[in-house]
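So this block is upload-v9.csv, CSV, C-alpha atoms:
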chain,number,residue,atom,x,y,z
A,1,MET,CA,-16.8,-15.7,-45.6
A,2,LYS,CA,-19.4,-15.7,-42.9
A,3,PRO,CA,-18.5,-13.8,-39.7
A,4,LEU,CA,-18.6,-16.9,-37.5
A,5,ALA,CA,-16.2,-18.8,-39.9
A,6,LEU,CA,-13.9,-15.8,-40.1
A,7,GLY,CA,-13.8,-15.6,-36.3
A,8,LEU,CA,-13.0,-19.3,-36.0
A,9,CYS,CA,-10.2,-19.0,-38.6
A,10,LEU,CA,-8.7,-16.0,-36.7
A,11,MET,CA,-8.8,-18.0,-33.4
A,12,ILE,CA,-7.0,-21.0,-35.0
A,13,LEU,CA,-4.3,-18.7,-36.5
A,14,MET,CA,-3.8,-16.9,-33.2
A,15,HIS,CA,-3.6,-20.1,-31.3
A,16,GLY,CA,-1.1,-21.6,-33.8
A,17,ALA,CA,1.1,-18.5,-33.6
A,18,ARG,CA,1.1,-18.6,-29.8
A,19,GLY,CA,2.0,-22.3,-29.8
A,20,GLN,CA,5.2,-21.5,-31.7
A,21,GLU,CA,6.5,-19.1,-29.1
A,22,ALA,CA,9.1,-20.3,-26.6
A,23,PRO,CA,7.4,-20.9,-23.3
A,24,GLY,CA,8.4,-18.5,-20.6
A,25,PRO,CA,8.5,-19.2,-16.9
A,26,SER,CA,5.2,-19.3,-15.2
A,27,PRO,CA,4.5,-16.5,-12.8
A,28,GLN,CA,4.8,-17.5,-9.2
A,29,PRO,CA,2.8,-16.1,-6.2
A,30,GLY,CA,4.8,-13.6,-4.2
A,31,PRO,CA,5.0,-13.3,-0.4
A,32,GLU,CA,1.9,-11.2,-0.1
A,33,ILE,CA,-0.2,-13.9,-1.8
A,34,ARG,CA,1.5,-16.6,0.3
A,35,LYS,CA,0.0,-14.9,3.4
A,36,LEU,CA,-3.4,-16.0,2.3
A,37,ALA,CA,-2.4,-19.7,2.7
A,38,TYR,CA,-3.2,-19.2,6.4
A,39,TYR,CA,-6.9,-19.4,5.4
A,40,LEU,CA,-6.7,-22.8,3.6
A,41,GLY,CA,-9.0,-25.5,4.9
A,42,THR,CA,-12.3,-25.5,6.7
A,43,TRP,CA,-13.1,-23.1,9.5
A,44,LYS,CA,-16.0,-22.9,12.0
A,45,GLY,CA,-16.8,-19.6,13.7
A,46,GLU,CA,-19.0,-18.4,16.5
A,47,GLY,CA,-19.6,-14.9,17.7
A,48,GLU,CA,-22.1,-12.2,18.6
A,49,ALA,CA,-23.7,-9.4,16.6
A,50,LYS,CA,-24.4,-6.3,18.6
A,51,GLY,CA,-27.7,-4.5,18.0
A,52,GLY,CA,-27.2,-1.4,15.8
A,53,PRO,CA,-27.7,0.1,12.4
A,54,PHE,CA,-27.2,-3.2,10.6
A,55,GLY,CA,-29.7,-5.4,12.5
A,56,PRO,CA,-30.6,-6.9,15.8
A,57,ALA,CA,-28.2,-8.5,18.4
A,58,GLY,CA,-27.8,-12.2,18.5
A,59,LYS,CA,-25.5,-15.2,18.1
A,60,LEU,CA,-23.5,-15.8,14.9
A,61,SER,CA,-22.1,-19.0,13.5
A,62,SER,CA,-20.3,-19.8,10.3
A,63,THR,CA,-18.5,-22.6,8.3
A,64,THR,CA,-16.1,-21.6,5.6
A,65,THR,CA,-13.9,-23.7,3.3
A,66,CYS,CA,-11.1,-22.1,1.3
A,67,GLU,CA,-8.9,-23.5,-1.4
A,68,TRP,CA,-6.5,-22.1,-4.0
A,69,PHE,CA,-7.8,-21.2,-7.4
A,70,ALA,CA,-5.9,-22.6,-10.4
A,71,GLY,CA,-2.4,-20.9,-10.5
A,72,GLY,CA,-2.3,-20.3,-6.7
A,73,PHE,CA,-2.9,-16.5,-6.9
A,74,GLN,CA,-6.4,-16.3,-5.3
A,75,LEU,CA,-8.3,-18.2,-2.6
A,76,VAL,CA,-11.9,-19.3,-3.3
A,77,CYS,CA,-13.9,-19.6,-0.1
A,78,ARG,CA,-17.5,-20.9,0.2
A,79,GLY,CA,-19.5,-21.0,3.3
A,80,GLU,CA,-22.7,-20.4,5.3
A,81,GLU,CA,-23.4,-17.9,8.1
A,82,ASN,CA,-26.3,-18.0,10.5
A,83,GLY,CA,-27.3,-15.0,12.7
A,84,PRO,CA,-30.1,-12.9,14.0
A,85,THR,CA,-31.2,-12.0,10.5
A,86,GLY,CA,-31.2,-15.6,9.2
A,87,LYS,CA,-29.1,-17.9,7.1
A,88,ARG,CA,-26.8,-16.7,4.2
A,89,SER,CA,-24.6,-18.8,1.9
A,90,PHE,CA,-21.6,-17.0,0.3
A,91,LEU,CA,-18.7,-17.3,-2.1
A,92,ASN,CA,-15.6,-15.1,-1.7
A,93,ILE,CA,-12.6,-14.7,-3.8
A,94,ARG,CA,-9.5,-13.3,-1.9
A,95,GLY,CA,-6.4,-12.0,-3.6
A,96,TYR,CA,-3.7,-9.4,-3.7
A,97,ASP,CA,-3.9,-6.3,-6.0
A,98,GLY,CA,-0.2,-5.6,-6.9
A,99,LYS,CA,-1.1,-2.3,-8.4
A,100,LYS,CA,-2.8,-1.0,-5.3
A,101,LYS,CA,-0.4,-2.9,-3.0
A,102,SER,CA,-3.4,-4.2,-0.9
A,103,TYR,CA,-5.6,-7.2,-0.5
A,104,ALA,CA,-8.9,-7.4,-2.3
A,105,GLU,CA,-12.0,-9.5,-1.8
A,106,TYR,CA,-15.0,-10.1,-4.0
A,107,GLY,CA,-18.1,-11.7,-2.5
A,108,ILE,CA,-21.6,-12.8,-3.5
A,109,SER,CA,-24.3,-14.3,-1.4
A,110,SER,CA,-27.6,-16.2,-1.5
A,111,LEU,CA,-29.3,-13.0,-0.5
A,112,GLY,CA,-28.4,-11.4,-3.9
A,113,ASP,CA,-25.8,-9.0,-2.6
A,114,SER,CA,-22.3,-8.6,-3.9
A,115,GLU,CA,-19.4,-6.5,-2.8
A,116,TYR,CA,-15.9,-5.7,-3.9
A,117,THR,CA,-13.5,-4.5,-1.2
A,118,THR,CA,-9.9,-3.3,-1.6
A,119,GLY,CA,-7.4,-1.6,0.6
A,120,GLY,CA,-6.9,-4.6,3.0
A,121,THR,CA,-3.7,-5.2,4.8
A,122,ILE,CA,-2.2,-8.3,6.5
A,123,GLU,CA,0.6,-7.3,8.8
A,124,ASP,CA,2.0,-9.1,11.9
A,125,GLY,CA,-0.8,-11.6,11.9
A,126,ARG,CA,-3.5,-8.9,11.7
A,127,LYS,CA,-5.8,-8.5,8.7
A,128,THR,CA,-7.7,-5.2,8.4
A,129,PHE,CA,-10.2,-3.8,5.9
A,130,ILE,CA,-12.0,-0.4,6.1
A,131,VAL,CA,-15.0,-0.2,3.8
A,132,ASP,CA,-17.0,3.0,3.0
A,133,ILE,CA,-20.7,2.5,3.4
A,134,ASP,CA,-24.1,4.3,3.3
A,135,ALA,CA,-25.4,4.2,6.8
A,136,GLY,CA,-29.0,5.3,6.5
A,137,GLY,CA,-28.2,8.2,4.1
A,138,LYS,CA,-25.1,9.2,6.0
A,139,PRO,CA,-21.5,8.4,5.1
A,140,GLY,CA,-19.9,5.7,7.2
A,141,GLN,CA,-17.2,3.2,7.4
A,142,VAL,CA,-16.9,-0.4,8.6
A,143,ARG,CA,-13.6,-1.5,10.1
A,144,TYR,CA,-13.1,-5.3,10.1
A,145,THR,CA,-10.1,-6.7,11.9
A,146,GLU,CA,-8.9,-10.3,12.4
A,147,ARG,CA,-6.1,-11.3,14.7
A,148,GLN,CA,-4.3,-14.6,14.0
A,149,VAL,CA,-4.0,-16.1,17.5
A,150,SER,CA,-2.5,-19.4,16.3
A,151,PRO,CA,-2.2,-21.4,13.1
A,152,THR,CA,-5.7,-22.7,13.8
A,153,LEU,CA,-7.5,-19.8,15.5
A,154,PHE,CA,-8.3,-16.2,14.7
A,155,THR,CA,-10.5,-13.7,16.4
A,156,TYR,CA,-12.5,-11.0,14.6
A,157,ARG,CA,-14.1,-7.7,15.4
A,158,ALA,CA,-16.3,-5.4,13.2
A,159,GLU,CA,-16.9,-1.7,14.1
A,160,VAL,CA,-18.8,1.0,12.4
A,161,SER,CA,-18.3,4.8,12.3
A,162,VAL,CA,-21.2,6.9,11.0
A,163,ASP,CA,-20.7,10.4,9.7
A,164,GLY,CA,-17.2,10.7,11.2
A,165,GLY,CA,-18.4,9.7,14.7
A,166,PRO,CA,-16.7,7.3,17.1
A,167,TRP,CA,-16.2,3.6,16.3
A,168,THR,CA,-18.9,1.3,17.7
A,169,GLU,CA,-18.5,-2.5,17.8
A,170,ILE,CA,-21.1,-4.3,15.8
A,171,ALA,CA,-19.8,-7.9,15.9
A,172,GLU,CA,-17.0,-10.0,17.5
A,173,GLY,CA,-16.1,-13.6,17.6
A,174,LYS,CA,-13.6,-16.4,17.0
A,175,VAL,CA,-13.0,-18.8,14.1
A,176,ALA,CA,-11.2,-22.2,14.5
A,177,LYS,CA,-9.7,-24.4,11.8
A,178,VAL,CA,-11.4,-27.9,11.8
A,179,GLU,CA,-9.7,-29.4,8.7
Go ahead and express the file in the form of C-alpha cells.
Amino acid sequence: MKPLALGLCLMILMHGARGQEAPGPSPQPGPEIRKLAYYLGTWKGEGEAKGGPFGPAGKLSSTTTCEWFAGGFQLVCRGEENGPTGKRSFLNIRGYDGKKKSYAEYGISSLGDSEYTTGGTIEDGRKTFIVDIDAGGKPGQVRYTERQVSPTLFTYRAEVSVDGGPWTEIAEGKVAKVE
C-alpha cells in the first residue's frame, strides 16, 4: 500500500473510532477569559509617543476591532496604527494561559515583526504586561498598563527601563469604543 493511501486509511479509521465515543461536555471559558470580553468591538485610540530609544515623539492614532475566535477562548484583534514612524497594520490574538496563570498575546504586523508576550494580568480594571527587551545592546523592560475608565473607555501608558534604571514614559493615550 502506498504511504498516502495508508495515511488516508488511518485517518478514516481514527475518525470513525472517535465518532463512536460518547460526546462529553464542551469546555467553557472561565472567568479569566471572560475578562477579555471588555475588548469586544471596534475601538479608536489617540495618544502621544515620547521621544526616546524607540523613535521620535509625535501623535499616535489607532483603530482596532476585536471578536471572539471559535470556541470563545481567545480574542482576535485586527487594526491599524499611525504614528511618528509611519503606518502599521496588525493582527493580535489575546488569551489566557491556564498553566502560567497569566494573559498572553501573540501579534504580527505589516512591518514583518512578530511578538509573543506572556505574564499579563487583568485585576481591578487594570491590564499590565512587562516585557523583556534588548535596548540597544542593554537589557531592558517595557511596562504597558491599561486602566479601564468605563465600559467604553480605557487609558494606556507605556514605560521603559534600561539596564535596571528608572521607568521613563514612552507613550500615553486613550482608547474609546465606537461600535
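Across the structure, atom CA of A:Thr65 and atom CA of A:Leu40 are spaced 7.3 Å apart.
Residue nearest A:Tyr96, chosen from A:Ile122, A:Val162, A:Ala49, A:Ile133 and counting all atoms listed in the file: A:Ile122.
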Worksheet entry | Between atom CA of A:Arg143 and atom CA of A:Gly165 - distance in Å to one decimal | 13.0 Å
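For the pair atom CA of A:Glu169 and atom CA of A:Lys35, the interatomic distance is 26.5 Å.
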Practice prompt. Write out as a PyMOL selection string the residues lying within 12 Å of A:Thr118, counting all atoms listed in the file and excluding same-chain residues fewer than 4 positions away.
Written response: chain A and resi 93-107+128-132
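Each of A:Ala70, A:Ala37, A:Ala135, A:Ile108 was checked against A:Thr152 using all atoms listed in the file; the smallest atom-to-atom distance is that of A:Ala37.
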Discussion item. Just want the 9 Å neighbourhood of A:Asn82, counted on all atoms listed in the file, with same-chain residues fewer than 6 positions away dropped. Output as a ChimeraX atom specification.
Written reply: /A:59-62,88-89
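If you measure from each of A:Gly120, A:Gly173, A:Phe90, A:Gln28 to A:Gly72 using only C-alpha atoms, the closest one turns out to be A:Gln28.
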Discussion item. With distances taken over only C-alpha atoms, which residue among A:Ser110, A:Tyr116, A:Thr121, A:Pro56 lies nearest A:Arg147?
Written reply: A:Thr121
Worksheet item: Between A:Val149, A:Gly52, A:Lys127, A:Gly137, which one has atoms that come closest to A:Lys177, using all atoms listed in the file?
Response: A:Val149
Discussion item. Given all atoms listed in the file as the basis, pick out the residue of A:Ala158, A:Ile33, A:Leu153, A:Leu91 nearest to A:Phe73.
Written reply: A:Ile33
Worksheet item: Need the neighbours of (-18.7, -7.8, 21.4): which residues are at most 7 Å away, counting only C-alpha atoms, as number ranges by chain?
Response: A: 48, 50, 169, 171-172
Write out as a compact mmCIF listing (two decimals) with C-alpha atoms, in the coordinates of the input which residues come within 9 Å of A:Gly41 when counting only C-alpha atoms, dropping same-chain ones fewer than 5 positions away.
# COMPACT_ATOMS: atom_id res chain seq x y z
CA THR A 64 -16.10 -21.60 5.60
CA THR A 65 -13.90 -23.70 3.30
CA CYS A 66 -11.10 -22.10 1.30
CA GLU A 67 -8.90 -23.50 -1.40
CA LYS A 177 -9.70 -24.40 11.80
CA VAL A 178 -11.40 -27.90 11.80
CA GLU A 179 -9.70 -29.40 8.70
Because some atoms of stretch 63-92 of chain A are absent here, can you restore N, CA and C atoms and send them as a CSV table (one decimal), in the coordinates of the input?
chain,number,residue,atom,x,y,z
A,63,THR,N,-19.5,-21.5,8.8
A,63,THR,CA,-18.5,-22.6,8.3
A,63,THR,C,-18.0,-22.1,7.0
A,64,THR,N,-16.7,-22.1,6.8
A,64,THR,CA,-16.1,-21.6,5.6
A,64,THR,C,-15.0,-22.6,5.2
A,65,THR,N,-15.0,-22.9,3.9
A,65,THR,CA,-13.9,-23.7,3.3
A,65,THR,C,-13.2,-23.0,2.2
A,66,CYS,N,-11.9,-22.9,2.3
A,66,CYS,CA,-11.1,-22.1,1.3
A,66,CYS,C,-10.1,-23.0,0.7
A,67,GLU,N,-9.9,-22.8,-0.7
A,67,GLU,CA,-8.9,-23.5,-1.4
A,67,GLU,C,-8.3,-22.6,-2.5
A,68,TRP,N,-7.1,-22.9,-2.9
A,68,TRP,CA,-6.5,-22.1,-4.0
A,68,TRP,C,-7.2,-22.3,-5.3
A,69,PHE,N,-7.4,-21.2,-6.0
A,69,PHE,CA,-7.8,-21.2,-7.4
A,69,PHE,C,-6.7,-21.6,-8.2
A,70,ALA,N,-6.9,-22.2,-9.4
A,70,ALA,CA,-5.9,-22.6,-10.4
A,70,ALA,C,-4.8,-21.5,-10.5
A,71,GLY,N,-3.5,-21.9,-10.4
A,71,GLY,CA,-2.4,-20.9,-10.5
A,71,GLY,C,-1.9,-20.5,-9.1
A,72,GLY,N,-2.7,-20.6,-8.1
A,72,GLY,CA,-2.3,-20.3,-6.7
A,72,GLY,C,-2.2,-18.8,-6.4
A,73,PHE,N,-2.9,-17.9,-7.1
A,73,PHE,CA,-2.9,-16.5,-6.9
A,73,PHE,C,-4.1,-16.0,-6.1
A,74,GLN,N,-5.2,-16.7,-6.0
A,74,GLN,CA,-6.4,-16.3,-5.3
A,74,GLN,C,-6.9,-17.5,-4.5
A,75,LEU,N,-7.6,-17.2,-3.4
A,75,LEU,CA,-8.3,-18.2,-2.6
A,75,LEU,C,-9.8,-18.1,-3.0
A,76,VAL,N,-10.4,-19.2,-3.1
A,76,VAL,CA,-11.9,-19.3,-3.3
A,76,VAL,C,-12.5,-19.9,-2.0
A,77,CYS,N,-13.3,-19.2,-1.4
A,77,CYS,CA,-13.9,-19.6,-0.1
A,77,CYS,C,-15.4,-19.6,-0.2
A,78,ARG,N,-16.0,-20.8,0.2
A,78,ARG,CA,-17.5,-20.9,0.2
A,78,ARG,C,-17.9,-21.2,1.6
A,79,GLY,N,-19.1,-20.8,1.9
A,79,GLY,CA,-19.5,-21.0,3.3
A,79,GLY,C,-21.0,-20.6,3.5
A,80,GLU,N,-21.3,-20.8,4.8
A,80,GLU,CA,-22.7,-20.4,5.3
A,80,GLU,C,-22.5,-19.7,6.6
A,81,GLU,N,-23.4,-18.7,6.8
A,81,GLU,CA,-23.4,-17.9,8.1
A,81,GLU,C,-24.9,-18.0,8.6
A,82,ASN,N,-25.0,-18.1,9.9
A,82,ASN,CA,-26.3,-18.0,10.5
A,82,ASN,C,-26.2,-16.9,11.6
A,83,GLY,N,-27.3,-16.1,11.7
A,83,GLY,CA,-27.3,-15.0,12.7
A,83,GLY,C,-28.7,-14.6,12.9
A,84,PRO,N,-28.8,-13.4,13.6
A,84,PRO,CA,-30.1,-12.9,14.0
A,84,PRO,C,-31.0,-12.5,12.8
A,85,THR,N,-30.4,-12.3,11.7
A,85,THR,CA,-31.2,-12.0,10.5
A,85,THR,C,-31.4,-13.2,9.6
A,86,GLY,N,-31.0,-14.4,10.0
A,86,GLY,CA,-31.2,-15.6,9.2
A,86,GLY,C,-29.9,-16.2,8.6
A,87,LYS,N,-30.1,-17.1,7.6
A,87,LYS,CA,-29.1,-17.9,7.1
A,87,LYS,C,-28.6,-17.2,5.7
A,88,ARG,N,-27.3,-17.3,5.5
A,88,ARG,CA,-26.8,-16.7,4.2
A,88,ARG,C,-25.7,-17.6,3.7
A,89,SER,N,-25.7,-18.1,2.5
A,89,SER,CA,-24.6,-18.8,1.9
A,89,SER,C,-23.8,-17.7,1.1
A,90,PHE,N,-22.5,-18.0,1.0
A,90,PHE,CA,-21.6,-17.0,0.3
A,90,PHE,C,-20.5,-17.7,-0.5
A,91,LEU,N,-19.9,-16.9,-1.4
A,91,LEU,CA,-18.7,-17.3,-2.1
A,91,LEU,C,-17.8,-16.0,-2.1
A,92,ASN,N,-16.6,-16.2,-1.7
A,92,ASN,CA,-15.6,-15.1,-1.7
A,92,ASN,C,-14.4,-15.4,-2.4
